Amino acid sequence: MAPGRQPAGARPLLVCAGLLVAVAAAAGRQSPQPGSPAPQKPPPGNELPAGPGDSRVRPDPLTERAHGIDPRDTWMLFVRQSDKGINSKRKSRGKAKRLKLGLPGPPGPPGPQGPPGPLIPPEVLLKEFRLLLKGAVRQRQRAEPEPCTGDPGSATPGPATTPVEEPEEEAGVLALLTAPLGSGLPRVDAAFHCRLRRDAPVERRSLHELGLYHVPDVEGAFRRGPGLNLTSGQYTAPVGGFYAFAAALHVALVEPARRGPLRARDRLRLLICIQSRCQHNASLESIMGLERSGDLFTIAVNGVLYLQPGQYTSVFLDNASSSSLTVRSGSHFSAVLLGV
C-alpha cells in the first residue's frame, strides 16, 4: 500500500521542530550561568538508562555518601572533636595561644544615676567633726613635751587618767573647740616657772647672778619649750619676740651693819638683764631701801623685754648695803612668750 500523502505545510513545521530540539541540546551542554538555578537531578531510581552515545559522567561515590549522612552522627562527631586543639583540657594554660585582641572601642554611654544617699543632719556632722578635732589635739599633746616637769632626779610619774576623768576632759576639749573663733586663745610656745634649789649668799657691795634653779613638781608649775638652763639660771630665747619676765626674791639679813644702823644709801637692786649687760642693754629693775626693812623681806620685779633669737636673760641682785645677805630657796623666776 502506497504511503499517504502529507498535507500541505507539514514540512515547514517539522523543520522548525528540529531546529528547536537542536537549540535545546546545545544549551544543555553549556555551563550554567552565575545566579541561574542548578540543574536538578532526577530522584534515585528514576534515572534514565544511558544509551551508547550518552556522554554524561556518573556521580562520585563519596558525593553520594555525603548526601546520606545522619544529622545525629554529625552532631556527635562535632562534640568529640570539640575537646581537641585549643579547647583541649590536657594542654597547660601557659602554652595556650593567646587571642590577639584589637584596639578597644569607644566608651559606652554613662549609666543611669543612682538613688540619692541618706540625708545626714548637721548635728551628726558637727559631732563627728568635734571627735576628729579632739583626736588631733590629743595626738599633738602626746608629741609635745610635758607642760610641767621637775628635775630629772626628782621627777615622779603623774597620776594616770581614770575613766571617770575622761568625760570631764572630753567636755572641756569639746567646749574649747566649739568656742567662737573670735574668743580663741593663742598658743603659748615658750614659758617656764622655776625656783631656787637652795639658799644663795650675797656679799656686801657686790653684784650676784642667781643660778641653780629647779622646776618644782607642784600644781601650777610649768616649763614649755627649750632655752632654760637650770644650772646657770640663764634663759635663751628660742625665737625672737616679746617676753614677759617676773622674779621675786626672799632676802634675809645675815649680820647687822658694821657701821651702826642701816642708812638710806643701803639699798638693794633686783635686775633682769639681757646678755648679763645690765648697764648697756635694756633691763628690768626694782630698788628697795634697807633702812626700814626687817630681817626677812621680799623684793620683786616684772616687765616685758624684747629678745632676739639666741639672746639670754638672767636675774641679778645688786647688794649696795654694808651687810651680807642670803637669798632664800623658793625664790622664783618665770617668763612667757607673748608674741613675735
# chains A, B, ... in the order shown; residues from 1 in each chain; ligands from 1
call {"tool": "residues_around", "arguments": {"residues": "A:Leu317", "least_positions_apart": "4", "cutoff": "6 Å", "atoms": "only C-alpha atoms", "output": "mmCIF file with N, CA and C atoms, in the first residue's frame"}}
result
data_model
loop_
_atom_site.group_PDB
_atom_site.id
_atom_site.type_symbol
_atom_site.label_atom_id
_atom_site.label_comp_id
_atom_site.auth_asym_id
_atom_site.auth_seq_id
_atom_site.Cartn_x
_atom_site.Cartn_y
_atom_site.Cartn_z
ATOM 1 N N LEU A 207 77.583 92.458 143.063
ATOM 2 C CA LEU A 207 76.518 92.151 142.100
ATOM 3 C C LEU A 207 76.551 90.651 141.847
ATOM 4 N N HIS A 208 75.481 89.966 142.180
ATOM 5 C CA HIS A 208 75.459 88.494 142.148
ATOM 6 C C HIS A 208 74.401 88.021 141.156
ATOM 7 N N ARG A 269 69.121 96.271 144.647
ATOM 8 C CA ARG A 269 68.562 96.371 143.298
ATOM 9 C C ARG A 269 68.395 94.951 142.736
ATOM 10 N N LEU A 270 67.195 94.694 142.296
ATOM 11 C CA LEU A 270 66.896 93.420 141.630
ATOM 12 C C LEU A 270 66.740 93.707 140.144
#
call {"tool": "closest_residue", "arguments": {"among": "A:Gln311, A:Gly303, A:Tyr243, A:Thr298", "to": "A:Ser276", "atoms": "only C-alpha atoms"}}
result
A:Gln311
call {"tool": "residues_around", "arguments": {"residues": "A:Leu228", "least_positions_apart": "6", "cutoff": "10 Å", "atoms": "only C-alpha atoms", "output": "list in words"}}
result
Ala190, Ala191, Phe192, His193, Cys194, Tyr213, Gln234, Tyr235, Thr236, Ala237, Pro238, Tyr312 and Thr313 of chain A
call {"tool": "write_last_selection", "arguments": {"atoms": "C-alpha atoms", "output": "compact mmCIF listing (two decimals), in the first residue's frame"}}
result
# COMPACT_ATOMS: atom_id res chain seq x y z
CA ALA A 190 57.72 79.18 125.28
CA ALA A 191 57.22 79.62 129.03
CA PHE A 192 58.68 78.46 132.36
CA HIS A 193 58.41 78.86 136.10
CA CYS A 194 61.35 77.82 138.29
CA TYR A 213 67.06 76.60 139.82
CA GLN A 234 70.05 81.80 132.10
CA TYR A 235 67.08 81.63 129.75
CA THR A 236 67.89 81.75 126.00
CA ALA A 237 65.12 82.93 123.71
CA PRO A 238 64.23 80.18 121.20
CA TYR A 312 69.61 85.15 127.10
CA THR A 313 68.38 86.80 130.27
call {"tool": "decode", "arguments": {"residues": "stretch 219-245 of chain A", "atoms": "C-alpha atoms", "output": "PDB file, in the first residue's frame"}}
result
ATOM      1  CA  GLU A 219      50.397  72.102 140.735  1.00  0.00           C
ATOM      2  CA  GLY A 220      50.737  75.241 138.617  1.00  0.00           C
ATOM      3  CA  ALA A 221      54.433  74.962 137.786  1.00  0.00           C
ATOM      4  CA  PHE A 222      55.243  74.725 134.088  1.00  0.00           C
ATOM      5  CA  ARG A 223      58.040  74.526 131.564  1.00  0.00           C
ATOM      6  CA  ARG A 224      57.338  74.627 127.857  1.00  0.00           C
ATOM      7  CA  GLY A 225      59.859  74.943 125.070  1.00  0.00           C
ATOM      8  CA  PRO A 226      63.676  74.908 125.160  1.00  0.00           C
ATOM      9  CA  GLY A 227      66.125  77.563 126.340  1.00  0.00           C
ATOM     10  CA  LEU A 228      66.123  77.332 130.158  1.00  0.00           C
ATOM     11  CA  ASN A 229      69.434  76.394 131.796  1.00  0.00           C
ATOM     12  CA  LEU A 230      68.605  75.486 135.387  1.00  0.00           C
ATOM     13  CA  THR A 231      72.259  75.377 136.454  1.00  0.00           C
ATOM     14  CA  SER A 232      73.379  78.783 135.209  1.00  0.00           C
ATOM     15  CA  GLY A 233      69.985  80.407 135.648  1.00  0.00           C
ATOM     16  CA  GLN A 234      70.048  81.796 132.098  1.00  0.00           C
ATOM     17  CA  TYR A 235      67.077  81.630 129.746  1.00  0.00           C
ATOM     18  CA  THR A 236      67.892  81.751 125.999  1.00  0.00           C
ATOM     19  CA  ALA A 237      65.116  82.932 123.708  1.00  0.00           C
ATOM     20  CA  PRO A 238      64.234  80.180 121.204  1.00  0.00           C
ATOM     21  CA  VAL A 239      62.578  82.747 118.907  1.00  0.00           C
ATOM     22  CA  GLY A 240      62.669  86.485 118.674  1.00  0.00           C
ATOM     23  CA  GLY A 241      59.708  88.206 120.310  1.00  0.00           C
ATOM     24  CA  PHE A 242      58.232  89.939 123.330  1.00  0.00           C
ATOM     25  CA  TYR A 243      58.722  88.121 126.638  1.00  0.00           C
ATOM     26  CA  ALA A 244      57.131  88.881 129.994  1.00  0.00           C
ATOM     27  CA  PHE A 245      59.508  88.261 132.934  1.00  0.00           C
TER      28      PHE A 245
END
